[in-house]
file protein.pdb (PDB, C-alpha atoms)
ATOM      1  CA  MET A  75     -22.500  -4.206 -22.512
ATOM      2  CA  LYS A  76     -19.889  -1.937 -24.021
ATOM      3  CA  THR A  77     -16.207  -2.568 -23.490
ATOM      4  CA  LEU A  78     -14.374  -1.263 -20.467
ATOM      5  CA  ILE A  79     -10.949  -1.443 -22.071
ATOM      6  CA  PRO A  80     -10.523   2.292 -22.868
ATOM      7  CA  THR A  81     -11.645   3.141 -19.324
ATOM      8  CA  ILE A  82      -9.142   0.687 -17.845
ATOM      9  CA  LEU A  83      -6.313   2.071 -19.971
ATOM     10  CA  GLY A  84      -7.250   5.582 -18.864
ATOM     11  CA  MET A  85      -7.196   4.430 -15.258
ATOM     12  CA  ALA A  86      -3.798   2.830 -15.834
ATOM     13  CA  ALA A  87      -2.428   6.094 -17.224
ATOM     14  CA  VAL A  88      -3.680   8.320 -14.397
ATOM     15  CA  THR A  89      -2.359   5.811 -11.859
ATOM     16  CA  TYR A  90       1.048   5.372 -13.458
ATOM     17  CA  ILE A  91       1.864   9.009 -14.201
ATOM     18  CA  PRO A  92       1.757  10.197 -10.545
ATOM     19  CA  ARG A  93       3.829   7.141  -9.596
ATOM     20  CA  LEU A  94       6.440   7.986 -12.217
ATOM     21  CA  MET A  95       6.749  11.783 -12.213
ATOM     22  CA  PRO A  96       8.599  12.229  -8.903
ATOM     23  CA  PHE A  97      11.293   9.766  -9.966
ATOM     24  CA  LEU A  98      11.855  11.689 -13.191
ATOM     25  CA  PHE A  99      11.952  15.107 -11.572
ATOM     26  CA  LEU A 100      13.449  14.523  -8.145
ATOM     27  CA  GLY A 101      15.736  11.528  -8.579
ATOM     28  CA  ASN A 102      19.425  12.248  -8.124
ATOM     29  CA  LYS A 103      19.006  15.995  -7.864
ATOM     30  CA  ALA A 104      20.168  17.953  -4.860
ATOM     31  CA  ILE A 105      17.023  19.073  -3.079
ATOM     32  CA  PRO A 106      16.605  21.749  -0.397
ATOM     33  CA  GLU A 107      17.000  20.559   3.176
ATOM     34  CA  ARG A 108      13.423  21.472   4.097
ATOM     35  CA  LEU A 109      11.982  19.456   1.204
ATOM     36  CA  ASP A 110      14.239  16.541   2.088
ATOM     37  CA  ALA A 111      12.973  16.596   5.679
ATOM     38  CA  PHE A 112       9.401  16.725   4.384
ATOM     39  CA  LEU A 113       9.961  13.736   2.090
ATOM     40  CA  LYS A 114      11.578  11.764   4.898
ATOM     41  CA  CYS A 115       8.558  12.269   7.135
ATOM     42  CA  ILE A 116       6.217  10.851   4.492
ATOM     43  CA  PRO A 117       6.720   7.129   5.296
ATOM     44  CA  LEU A 118       5.728   7.522   8.965
ATOM     45  CA  ALA A 119       2.821   9.831   8.199
ATOM     46  CA  ALA A 120       1.630   7.455   5.466
ATOM     47  CA  LEU A 121       1.862   4.388   7.705
ATOM     48  CA  GLY A 122      -0.179   6.081  10.426
ATOM     49  CA  ALA A 123      -2.950   7.065   8.035
ATOM     50  CA  LEU A 124      -2.913   3.732   6.186
ATOM     51  CA  ILE A 125      -3.359   1.784   9.431
ATOM     52  CA  VAL A 126      -5.774   4.020  11.346
ATOM     53  CA  PRO A 127      -8.738   3.917  11.201
ATOM     54  CA  GLY A 128      -8.810   1.208   8.493
ATOM     55  CA  MET A 129      -7.661  -1.610  10.782
ATOM     56  CA  PHE A 130     -10.759  -1.232  12.921
ATOM     57  CA  GLN A 131     -12.842  -2.194   9.901
ATOM     58  CA  ALA A 132     -10.656  -5.032   8.605
ATOM     59  CA  THR A 133     -13.244  -7.600   9.693
ATOM     60  CA  PRO A 134     -16.452  -5.623   9.187
ATOM     61  CA  ASP A 135     -18.837  -8.171  10.706
ATOM     62  CA  LEU A 136     -16.797  -8.416  13.936
ATOM     63  CA  PRO A 137     -14.278  -5.544  14.284
ATOM     64  CA  ALA A 138     -13.056  -7.030  17.585
ATOM     65  CA  ALA A 139     -11.562  -9.971  15.671
ATOM     66  CA  ALA A 140      -9.253  -7.693  13.678
ATOM     67  CA  VAL A 141      -8.407  -5.731  16.806
ATOM     68  CA  ALA A 142      -7.432  -8.978  18.571
ATOM     69  CA  GLY A 143      -5.270  -9.969  15.594
ATOM     70  CA  MET A 144      -3.589  -6.574  15.572
ATOM     71  CA  GLY A 145      -3.095  -6.914  19.317
ATOM     72  CA  PHE A 146      -0.998  -9.991  18.652
ATOM     73  CA  THR A 147       1.017  -8.070  16.048
ATOM     74  CA  VAL A 148       1.716  -5.247  18.508
ATOM     75  CA  PHE A 149       2.643  -7.628  21.302
ATOM     76  CA  TYR A 150       4.884  -9.876  19.238
ATOM     77  CA  GLY A 151       6.289  -7.034  17.150
ATOM     78  CA  LEU A 152       7.337  -5.019  20.184
ATOM     79  CA  TYR A 153       8.931  -7.916  22.036
ATOM     80  CA  LYS A 154      10.392 -10.017  19.252
ATOM     81  CA  GLY A 155      10.093  -7.966  16.075
ATOM     82  CA  GLY A 156      10.134  -9.360  12.561
ATOM     83  CA  ILE A 157       7.399  -9.286   9.936
ATOM     84  CA  ILE A 158       6.289 -12.778   8.972
ATOM     85  CA  VAL A 159       5.324 -14.082  12.427
ATOM     86  CA  PRO A 160       3.430 -10.907  13.393
ATOM     87  CA  VAL A 161       1.523 -11.051  10.095
ATOM     88  CA  LEU A 162       0.695 -14.779  10.060
ATOM     89  CA  GLY A 163      -0.032 -14.704  13.790
ATOM     90  CA  SER A 164      -2.489 -11.846  13.430
ATOM     91  CA  VAL A 165      -4.328 -13.751  10.695
ATOM     92  CA  ALA A 166      -4.434 -16.859  12.909
ATOM     93  CA  VAL A 167      -5.721 -14.942  15.953
ATOM     94  CA  THR A 168      -8.333 -13.137  13.841
ATOM     95  CA  CYS A 169      -9.393 -16.464  12.357
ATOM     96  CA  LEU A 170      -9.799 -18.045  15.819
ATOM     97  CA  VAL A 171     -11.818 -15.129  17.144
ATOM     98  CA  LEU A 172     -14.069 -15.196  14.070
ATOM     99  CA  LEU A 173     -14.540 -18.960  14.454
ATOM    100  CA  ALA A 174     -15.376 -18.582  18.133
ATOM    101  CA  TYR A 175     -17.781 -15.663  17.935
ATOM    102  CA  THR A 176     -19.568 -15.812  14.592
TER
ATOM    103  CA  MET B  51      25.424 -10.687  -3.517
ATOM    104  CA  VAL B  52      22.540 -10.676  -6.004
ATOM    105  CA  GLN B  53      21.345 -13.990  -4.627
ATOM    106  CA  HIS B  54      21.333 -12.522  -1.141
ATOM    107  CA  GLU B  55      19.286  -9.551  -2.360
ATOM    108  CA  ILE B  56      16.769 -11.814  -4.066
ATOM    109  CA  LYS B  57      16.360 -13.847  -0.902
ATOM    110  CA  ALA B  58      15.888 -10.743   1.234
ATOM    111  CA  ALA B  59      13.339  -9.363  -1.239
ATOM    112  CA  VAL B  60      11.345 -12.604  -1.350
ATOM    113  CA  ASN B  61      11.285 -12.649   2.448
ATOM    114  CA  ALA B  62      10.008  -9.100   2.537
ATOM    115  CA  GLY B  63       7.597  -9.793  -0.328
ATOM    116  CA  PHE B  64       6.022 -12.888   1.185
ATOM    117  CA  PRO B  65       3.749 -11.042   3.647
ATOM    118  CA  ILE B  66       2.664  -8.749   0.800
ATOM    119  CA  PHE B  67       1.885 -11.820  -1.317
ATOM    120  CA  ILE B  68      -0.313 -13.401   1.337
ATOM    121  CA  GLY B  69      -2.068 -10.086   1.915
ATOM    122  CA  TYR B  70      -2.674  -9.297  -1.755
ATOM    123  CA  PHE B  71      -3.706 -12.717  -3.008
ATOM    124  CA  PRO B  72      -7.063 -13.068  -1.185
ATOM    125  CA  ALA B  73      -7.909  -9.410  -1.839
ATOM    126  CA  ALA B  74      -7.232 -10.014  -5.536
ATOM    127  CA  VAL B  75      -9.397 -13.141  -5.504
ATOM    128  CA  ALA B  76     -12.204 -10.999  -4.097
ATOM    129  CA  PHE B  77     -11.661  -8.544  -6.946
ATOM    130  CA  GLY B  78     -11.832 -11.367  -9.502
ATOM    131  CA  ILE B  79     -15.067 -12.665  -8.018
ATOM    132  CA  LEU B  80     -16.622  -9.193  -7.969
ATOM    133  CA  SER B  81     -15.517  -8.593 -11.581
ATOM    134  CA  LYS B  82     -17.324 -11.679 -12.722
ATOM    135  CA  ALA B  83     -20.422 -10.676 -10.782
ATOM    136  CA  CYS B  84     -20.279  -7.298 -12.559
ATOM    137  CA  ASP B  85     -20.377  -9.056 -15.938
ATOM    138  CA  ILE B  86     -17.078  -7.826 -17.307
ATOM    139  CA  THR B  87     -14.946 -10.159 -19.417
ATOM    140  CA  LEU B  88     -11.985 -12.149 -18.111
ATOM    141  CA  PHE B  89      -9.656 -10.052 -20.234
ATOM    142  CA  GLU B  90     -11.017  -6.782 -18.825
ATOM    143  CA  CYS B  91     -10.712  -8.157 -15.323
ATOM    144  CA  PHE B  92      -7.113  -9.235 -15.997
ATOM    145  CA  LEU B  93      -6.299  -5.876 -17.577
ATOM    146  CA  PHE B  94      -7.589  -4.042 -14.492
ATOM    147  CA  SER B  95      -5.081  -5.768 -12.247
ATOM    148  CA  ALA B  96      -2.263  -6.074 -14.777
ATOM    149  CA  ALA B  97      -2.359  -2.471 -16.039
ATOM    150  CA  VAL B  98      -3.721  -0.437 -13.117
ATOM    151  CA  PHE B  99      -2.311  -2.455 -10.188
ATOM    152  CA  ALA B 100      -3.945  -0.385  -7.450
ATOM    153  CA  GLY B 101      -6.323  -2.289  -5.189
ATOM    154  CA  ALA B 102      -8.819   0.128  -3.713
ATOM    155  CA  SER B 103      -9.253   2.101  -6.930
ATOM    156  CA  GLN B 104     -10.139  -1.060  -8.866
ATOM    157  CA  PHE B 105     -12.946  -1.957  -6.458
ATOM    158  CA  ILE B 106     -14.215   1.616  -6.567
ATOM    159  CA  ALA B 107     -14.104   1.636 -10.390
ATOM    160  CA  LEU B 108     -16.186  -1.545 -10.558
ATOM    161  CA  ASN B 109     -18.761  -0.041  -8.219
ATOM    162  CA  LEU B 110     -18.938   3.150 -10.266
ATOM    163  CA  PHE B 111     -19.212   1.140 -13.491
ATOM    164  CA  VAL B 112     -22.152  -0.828 -12.130
ATOM    165  CA  THR B 113     -23.911   2.374 -11.071
ATOM    166  CA  GLY B 114     -23.552   3.554 -14.680
ATOM    167  CA  MET B 115     -20.841   6.196 -14.358
ATOM    168  CA  GLY B 116     -19.046   6.975 -17.631
ATOM    169  CA  PRO B 117     -15.310   6.606 -18.356
ATOM    170  CA  GLY B 118     -14.507  10.254 -17.532
ATOM    171  CA  GLY B 119     -15.895  10.045 -14.013
ATOM    172  CA  ILE B 120     -14.266   6.685 -13.328
ATOM    173  CA  ILE B 121     -10.866   7.870 -14.561
ATOM    174  CA  LEU B 122     -11.055  11.116 -12.591
ATOM    175  CA  THR B 123     -11.987   9.216  -9.422
ATOM    176  CA  THR B 124      -9.081   6.836 -10.023
ATOM    177  CA  LEU B 125      -6.699   9.776 -10.343
ATOM    178  CA  LEU B 126      -7.902  11.168  -7.004
ATOM    179  CA  VAL B 127      -7.839   7.815  -5.212
ATOM    180  CA  ASN B 128      -4.352   6.891  -6.432
ATOM    181  CA  PHE B 129      -2.704  10.293  -6.195
ATOM    182  CA  ARG B 130      -1.212   9.449  -2.798
ATOM    183  CA  HIS B 131       1.361   7.371  -4.681
ATOM    184  CA  PHE B 132       2.768  10.647  -6.002
ATOM    185  CA  LEU B 133       3.907  11.469  -2.471
ATOM    186  CA  MET B 134       5.231   7.960  -1.936
ATOM    187  CA  SER B 135       7.254   8.020  -5.163
ATOM    188  CA  ALA B 136       8.598  11.453  -4.217
ATOM    189  CA  SER B 137       9.794  10.095  -0.910
ATOM    190  CA  LEU B 138      11.279   6.963  -2.514
ATOM    191  CA  SER B 139      13.020   8.924  -5.256
ATOM    192  CA  THR B 140      15.452  10.324  -2.687
ATOM    193  CA  ARG B 141      16.497   6.795  -1.735
ATOM    194  CA  ILE B 142      17.226   5.128  -5.038
ATOM    195  CA  GLY B 143      20.391   7.090  -5.762
ATOM    196  CA  ASP B 144      22.371   5.507  -8.536
ATOM    197  CA  ILE B 145      19.726   3.310 -10.205
ATOM    198  CA  SER B 146      19.776   4.169 -13.897
ATOM    199  CA  LYS B 147      16.847   5.993 -15.508
ATOM    200  CA  ARG B 148      15.604   3.162 -17.677
ATOM    201  CA  TYR B 149      14.892   0.999 -14.624
ATOM    202  CA  ILE B 150      12.830   3.796 -13.123
ATOM    203  CA  PHE B 151       9.911   3.102 -15.481
ATOM    204  CA  PRO B 152       9.123  -0.431 -14.253
ATOM    205  CA  ILE B 153      10.051   0.442 -10.651
ATOM    206  CA  ALA B 154       7.601   3.366 -10.580
ATOM    207  CA  PHE B 155       4.793   1.111 -11.859
ATOM    208  CA  GLY B 156       5.084  -1.095  -8.777
ATOM    209  CA  VAL B 157       4.818   1.607  -6.106
ATOM    210  CA  THR B 158       1.872   0.493  -3.957
ATOM    211  CA  ASP B 159       1.141   1.371  -0.317
ATOM    212  CA  GLU B 160       2.702  -1.839   0.951
ATOM    213  CA  VAL B 161       5.715  -1.911  -1.392
ATOM    214  CA  PHE B 162       6.393   1.698  -0.464
ATOM    215  CA  SER B 163       6.156   0.926   3.247
ATOM    216  CA  VAL B 164       8.541  -2.020   3.031
ATOM    217  CA  LEU B 165      11.048  -0.086   0.904
ATOM    218  CA  SER B 166      10.932   3.002   3.119
ATOM    219  CA  PHE B 167      11.992   1.070   6.184
ATOM    220  CA  THR B 168      14.544  -1.196   4.551
ATOM    221  CA  THR B 169      17.780  -0.097   6.188
ATOM    222  CA  ASP B 170      20.176  -1.316   3.486
ATOM    223  CA  SER B 171      20.580   0.790   0.377
ATOM    224  CA  LEU B 172      17.954  -0.101  -2.216
ATOM    225  CA  SER B 173      19.245  -1.976  -5.258
ATOM    226  CA  LYS B 174      17.229  -2.432  -8.438
ATOM    227  CA  THR B 175      17.236  -6.211  -7.934
ATOM    228  CA  TYR B 176      15.748  -5.911  -4.457
ATOM    229  CA  ILE B 177      13.067  -3.482  -5.616
ATOM    230  CA  PHE B 178      12.174  -5.544  -8.711
ATOM    231  CA  VAL B 179      11.836  -8.813  -6.819
ATOM    232  CA  LEU B 180       9.781  -7.198  -4.064
ATOM    233  CA  GLU B 181       7.473  -5.575  -6.598
ATOM    234  CA  LEU B 182       7.208  -8.818  -8.526
ATOM    235  CA  CYS B 183       6.008 -10.640  -5.387
ATOM    236  CA  ALA B 184       3.280  -8.048  -4.959
ATOM    237  CA  TYR B 185       2.369  -7.912  -8.657
ATOM    238  CA  SER B 186       2.271 -11.689  -9.171
ATOM    239  CA  ALA B 187      -0.023 -12.084  -6.137
ATOM    240  CA  TRP B 188      -2.344  -9.370  -7.392
ATOM    241  CA  VAL B 189      -2.602 -10.573 -10.997
ATOM    242  CA  SER B 190      -2.734 -14.314 -10.271
ATOM    243  CA  GLY B 191      -5.281 -13.810  -7.487
ATOM    244  CA  THR B 192      -7.475 -11.718  -9.779
ATOM    245  CA  VAL B 193      -7.518 -14.341 -12.531
ATOM    246  CA  ALA B 194      -7.998 -17.196 -10.042
ATOM    247  CA  GLY B 195     -10.940 -15.400  -8.442
ATOM    248  CA  TYR B 196     -12.601 -14.750 -11.786
ATOM    249  CA  ILE B 197     -12.183 -18.322 -13.027
ATOM    250  CA  LEU B 198     -12.500 -20.362  -9.840
ATOM    251  CA  GLY B 199     -14.923 -18.144  -7.929
ATOM    252  CA  ASN B 200     -15.083 -18.489  -4.199
ATOM    253  CA  PHE B 201     -12.440 -21.222  -3.844
ATOM    254  CA  LEU B 202     -10.790 -19.971  -0.657
ATOM    255  CA  PRO B 203     -12.455 -21.031   2.591
ATOM    256  CA  ASP B 204     -14.758 -18.240   3.745
ATOM    257  CA  ILE B 205     -13.159 -17.992   7.184
ATOM    258  CA  LEU B 206      -9.712 -17.549   5.618
ATOM    259  CA  THR B 207     -10.901 -14.781   3.294
ATOM    260  CA  ARG B 208     -12.479 -12.944   6.209
ATOM    261  CA  SER B 209      -9.400 -13.285   8.431
ATOM    262  CA  MET B 210      -6.976 -12.312   5.673
ATOM    263  CA  GLY B 211      -8.389  -8.790   5.803
ATOM    264  CA  VAL B 212      -6.041  -8.100   8.691
ATOM    265  CA  ALA B 213      -2.882  -9.313   6.915
ATOM    266  CA  LEU B 214      -2.054  -6.033   5.182
ATOM    267  CA  TYR B 215      -2.769  -3.954   8.272
ATOM    268  CA  ALA B 216      -0.617  -6.326  10.325
ATOM    269  CA  LEU B 217       2.160  -5.953   7.748
ATOM    270  CA  LEU B 218       2.068  -2.158   7.936
ATOM    271  CA  LEU B 219       1.915  -2.285  11.714
ATOM    272  CA  ALA B 220       4.848  -4.705  11.899
ATOM    273  CA  ILE B 221       6.864  -2.286   9.752
ATOM    274  CA  LEU B 222       5.900   0.636  11.974
ATOM    275  CA  LEU B 223       6.549  -0.964  15.377
ATOM    276  CA  PRO B 224      10.374  -0.961  15.374
ATOM    277  CA  GLU B 225      10.301   2.720  14.367
ATOM    278  CA  VAL B 226       8.002   3.805  17.163
ATOM    279  CA  LYS B 227       9.961   1.672  19.595
ATOM    280  CA  ALA B 228      13.209   3.391  18.586
ATOM    281  CA  SER B 229      11.920   6.940  18.531
ATOM    282  CA  ARG B 230       9.139   8.762  20.329
ATOM    283  CA  LYS B 231       9.004  11.260  17.463
ATOM    284  CA  ALA B 232       8.156   8.456  15.046
ATOM    285  CA  LEU B 233       5.298   7.516  17.338
ATOM    286  CA  VAL B 234       4.072  11.110  17.421
ATOM    287  CA  LEU B 235       4.165  11.389  13.616
ATOM    288  CA  ALA B 236       2.397   8.093  12.902
ATOM    289  CA  LEU B 237      -0.158   8.470  15.677
ATOM    290  CA  SER B 238      -1.073  12.054  14.837
ATOM    291  CA  SER B 239      -1.463  11.064  11.204
ATOM    292  CA  GLY B 240      -3.765   8.185  12.146
ATOM    293  CA  LEU B 241      -5.822  10.424  14.425
ATOM    294  CA  LEU B 242      -6.113  13.133  11.786
ATOM    295  CA  ASN B 243      -7.181  10.501   9.248
ATOM    296  CA  THR B 244      -9.837   9.188  11.637
ATOM    297  CA  LEU B 245     -11.146  12.713  12.125
ATOM    298  CA  LEU B 246     -11.192  13.447   8.374
ATOM    299  CA  ILE B 247     -12.955  10.185   7.523
ATOM    300  CA  HIS B 248     -15.456  10.863  10.281
ATOM    301  CA  LEU B 249     -16.152  14.378   8.996
ATOM    302  CA  ASP B 250     -16.547  12.902   5.512
ATOM    303  CA  PHE B 251     -16.112  15.983   3.331
ATOM    304  CA  LEU B 252     -13.131  14.926   1.200
ATOM    305  CA  PRO B 253     -13.326  12.820  -1.974
ATOM    306  CA  LYS B 254     -12.350   9.159  -1.502
ATOM    307  CA  GLY B 255      -8.612   8.731  -1.034
ATOM    308  CA  TRP B 256      -7.888  12.344  -0.167
ATOM    309  CA  SER B 257      -7.934  12.044   3.576
ATOM    310  CA  ILE B 258      -4.664  10.089   3.350
ATOM    311  CA  ILE B 259      -3.126  12.734   1.117
ATOM    312  CA  VAL B 260      -4.176  15.547   3.455
ATOM    313  CA  CYS B 261      -2.767  13.596   6.428
ATOM    314  CA  VAL B 262       0.547  12.837   4.748
ATOM    315  CA  VAL B 263       1.060  16.428   3.582
ATOM    316  CA  THR B 264      -0.041  18.038   6.855
ATOM    317  CA  ILE B 265       1.829  15.719   9.199
ATOM    318  CA  SER B 266       4.998  15.575   7.075
ATOM    319  CA  LEU B 267       5.010  19.349   6.797
ATOM    320  CA  ALA B 268       4.644  19.705  10.554
ATOM    321  CA  GLY B 269       7.252  17.004  11.022
ATOM    322  CA  SER B 270       9.740  18.705   8.725
ATOM    323  CA  PHE B 271       9.615  21.779  10.977
ATOM    324  CA  PHE B 272       9.702  20.155  14.377
ATOM    325  CA  LEU B 273      11.150  16.716  14.186
ATOM    326  CA  THR B 274      13.732  16.628  11.451
ATOM    327  CA  ARG B 275      16.844  15.282  13.090
ATOM    328  CA  GLU B 276      15.364  12.560  15.279
ATOM    329  CA  VAL B 277      13.009  11.075  12.722
ATOM    330  CA  THR B 278      15.380  10.998   9.814
ATOM    331  CA  GLY B 279      17.969   9.467  12.101
ATOM    332  CA  ALA B 280      15.640   6.678  13.191
ATOM    333  CA  ASN B 281      14.511   6.217   9.644
ATOM    334  CA  ARG B 282      17.689   5.414   7.883
TER
END
call {"tool": "encode", "arguments": {"input": "protein.pdb", "output": "structure tokens"}}
result
Amino acid sequence: MKTLIPTILGMAAVTYIPRLMPFLFLGNKAIPERLDAFLKCIPLAALGALIVPGMFQATPDLPAAAVAGMGFTVFYGLYKGGIIVPVLGSVAVTCLVLLAYT
Amino acid sequence: MVQHEIKAAVNAGFPIFIGYFPAAVAFGILSKACDITLFECFLFSAAVFAGASQFIALNLFVTGMGPGGIILTTLLVNFRHFLMSASLSTRIGDISKRYIFPIAFGVTDEVFSVLSFTTDSLSKTYIFVLELCAYSAWVSGTVAGYILGNFLPDILTRSMGVALYALLLAILLPEVKASRKALVLALSSGLLNTLLIHLDFLPKGWSIIVCVVTISLAGSFFLTREVTGANR
């Protein structure tokens, strides 16, 4: 089978360049207020789209297990906050549900 | 001061590590099943460092697609990072240009999410250490998966699928708790993404881009003050 190395390097280039360009062209420059507001909305818009609907397919053979795990994250995250406990807890809950129902 | 930053970054990077590692192991296992060499498999993770696009590339390779098609698909799938870097670039202020090159390489969905909602100003040390947590998990997991095969217990691998979603959700929760506008932005973006994926007419990876552009544009008109206040 022929080598994949040129393909991988091409992939690396087209992945890196979009990651780099904005830093080179936007960094440290004064930008218009409207653009600034747009850029500041990106994190929330990105989070929403990264989580939904993907989380409903995080455990493809039993979507309810992932939903239960995420339920723990929401519950704990809203009442106590933090990152590590909500993450580890969701994995534990998902694991238990998978063990119980599959 | 630096020590404190390193500690904070490792804390923030730990959930990314535990989310990336099993996914990377899965990539290593799949690579071996696709008959590529260990070096090619390593190079995928070490040089591209973008999860979903690597799995997609392997699938395309197996179906016989040539380099041009694979590279073009990768560009489309990973282009969302352009928006993420643009958003981050407004936050890194006085970090000197030469550090930008390695920092930009490490902009993944999860690193971006953590950095965006870090309230302190972002130092190069913090960003480097956070990115290193993510990168080391991805590369070491890939190699371990290729060499060791299916060494993680099956139940753990299956449950770990939720870790990255839980991480993103845990980052989002304090924002939506603090501001209803944040909830509106994130929720409408998720709903739009669900609709777009359901309609299934965009190339892979572009539903997120369309969501981010549309919702951020709408947000920049209607919600400016509240959201940016809650954000920083």
call {"tool": "residues_around", "arguments": {"input": "protein.pdb", "residues": "Arg208 (chain B)", "least_positions_apart": "5", "cutoff": "12 Å", "atoms": "all atoms listed in the file", "output": "short mmCIF file (atom, residue, chain, number, x, y, z; two decimals) with C-alpha atoms, keeping the file's coordinate frame"}}
result
data_model
loop_
_atom_site.label_atom_id
_atom_site.label_comp_id
_atom_site.auth_asym_id
_atom_site.auth_seq_id
_atom_site.Cartn_x
_atom_site.Cartn_y
_atom_site.Cartn_z
CA GLN A 131 -12.84 -2.19 9.90
CA ALA A 132 -10.66 -5.03 8.60
CA THR A 133 -13.24 -7.60 9.69
CA PRO A 134 -16.45 -5.62 9.19
CA ASP A 135 -18.84 -8.17 10.71
CA LEU A 136 -16.80 -8.42 13.94
CA PRO A 137 -14.28 -5.54 14.28
CA ALA A 139 -11.56 -9.97 15.67
CA ALA A 140 -9.25 -7.69 13.68
CA VAL A 165 -4.33 -13.75 10.70
CA ALA A 166 -4.43 -16.86 12.91
CA THR A 168 -8.33 -13.14 13.84
CA CYS A 169 -9.39 -16.46 12.36
CA LEU A 170 -9.80 -18.05 15.82
CA VAL A 171 -11.82 -15.13 17.14
CA LEU A 172 -14.07 -15.20 14.07
CA LEU A 173 -14.54 -18.96 14.45
CA THR A 176 -19.57 -15.81 14.59
CA GLY B 69 -2.07 -10.09 1.92
CA PRO B 72 -7.06 -13.07 -1.18
CA ALA B 73 -7.91 -9.41 -1.84
CA ALA B 76 -12.20 -11.00 -4.10
CA LEU B 202 -10.79 -19.97 -0.66
CA PRO B 203 -12.46 -21.03 2.59
CA ALA B 213 -2.88 -9.31 6.92
#
call {"tool": "interface_residues", "arguments": {"input": "protein.pdb", "of": "chain A", "to": "chain B", "cutoff": "7 Å", "atoms": "only C-alpha atoms", "output": "MDAnalysis selection string"}}
result
chainID A and resid 78:79 81:82 84:86 88:90 92:94 96:97 100:102 108 111:123 125:127 129 132:133 140 144 147 151:152 157:158 160:161 164:165 168:169
call {"tool": "axis_aligned_box", "arguments": {"input": "protein.pdb", "around": "region 202-210 of chain B", "padding_each_side": "3 Å", "output": "lines of an AutoDock Vina configuration file"}}
result
center_x = -10.9
center_y = -16.7
center_z = 3.9
size_x = 13.8
size_y = 14.7
size_z = 15.1
call {"tool": "atom_distance", "arguments": {"input": "protein.pdb", "atom1": "CA of Asp110 (chain A)", "atom2": "CA of Glu55 (chain B)"}}
result
26.9 Å
call {"tool": "atom_distance", "arguments": {"input": "protein.pdb", "atom1": "CA of Val179 (chain B)", "atom2": "CA of Tyr150 (chain A)"}}
result
27.0 Å
call {"tool": "atom_distance", "arguments": {"input": "protein.pdb", "atom1": "CA of Leu88 (chain B)", "atom2": "CA of Thr192 (chain B)"}}
result
9.5 Å
call {"tool": "residues_near_point", "arguments": {"input": "protein.pdb", "point": "(-9.9, -15.4, -6.0)", "cutoff": "8 Å", "atoms": "all atoms listed in the file", "output": "list in words"}}
result
Phe71, Pro72, Ala73, Ala74, Val75, Ala76, Phe77, Gly78, Ile79, Gly191, Thr192, Val193, Ala194, Gly195, Tyr196, Ile197, Leu198, Gly199, Asn200, Phe201 and Leu202 of chain B
call {"tool": "closest_residue", "arguments": {"input": "protein.pdb", "among": "B:Ile177, B:Asp204, B:Trp256, B:Phe251", "to": "Ile56 (chain B)", "atoms": "all atoms listed in the file"}}
result
B:Ile177
call {"tool": "decode", "arguments": {"input": "protein.pdb", "residues": "region 248-256 of chain B", "atoms": "N, CA, C and O atoms", "output": "mmCIF file, in the first residue's frame"}}
result
data_model
loop_
_atom_site.group_PDB
_atom_site.id
_atom_site.type_symbol
_atom_site.label_atom_id
_atom_site.label_comp_id
_atom_site.auth_asym_id
_atom_site.auth_seq_id
_atom_site.Cartn_x
_atom_site.Cartn_y
_atom_site.Cartn_z
ATOM 1 N N HIS B 248 -29.940 17.256 10.978
ATOM 2 C CA HIS B 248 -31.115 16.499 10.572
ATOM 3 C C HIS B 248 -31.401 16.683 9.080
ATOM 4 O O HIS B 248 -31.718 15.737 8.370
ATOM 5 N N LEU B 249 -31.282 17.912 8.603
ATOM 6 C CA LEU B 249 -31.558 18.190 7.190
ATOM 7 C C LEU B 249 -30.475 17.608 6.288
ATOM 8 O O LEU B 249 -30.721 17.293 5.131
ATOM 9 N N ASP B 250 -29.237 17.527 6.841
ATOM 10 C CA ASP B 250 -28.171 16.787 6.174
ATOM 11 C C ASP B 250 -27.858 17.264 4.751
ATOM 12 O O ASP B 250 -27.814 16.468 3.823
ATOM 13 N N PHE B 251 -27.659 18.559 4.567
ATOM 14 C CA PHE B 251 -27.278 19.019 3.231
ATOM 15 C C PHE B 251 -25.911 19.701 3.205
ATOM 16 O O PHE B 251 -25.411 20.078 2.162
ATOM 17 N N LEU B 252 -25.295 19.860 4.401
ATOM 18 C CA LEU B 252 -23.988 20.514 4.451
ATOM 19 C C LEU B 252 -22.884 19.466 4.510
ATOM 20 O O LEU B 252 -23.085 18.376 5.022
ATOM 21 N N PRO B 253 -21.678 19.799 3.967
ATOM 22 C CA PRO B 253 -20.563 18.869 4.122
ATOM 23 C C PRO B 253 -20.229 18.694 5.607
ATOM 24 O O PRO B 253 -20.514 19.582 6.422
ATOM 25 N N LYS B 254 -19.613 17.561 5.939
ATOM 26 C CA LYS B 254 -19.268 17.263 7.335
ATOM 27 C C LYS B 254 -18.493 18.411 7.971
ATOM 28 O O LYS B 254 -17.546 18.923 7.406
ATOM 29 N N GLY B 255 -18.900 18.816 9.160
ATOM 30 C CA GLY B 255 -18.165 19.851 9.876
ATOM 31 C C GLY B 255 -18.695 21.253 9.645
ATOM 32 O O GLY B 255 -18.370 22.170 10.386
ATOM 33 N N TRP B 256 -19.535 21.416 8.600
ATOM 34 C CA TRP B 256 -19.976 22.777 8.299
ATOM 35 C C TRP B 256 -21.208 23.214 9.048
ATOM 36 O O TRP B 256 -21.515 24.400 9.110
#
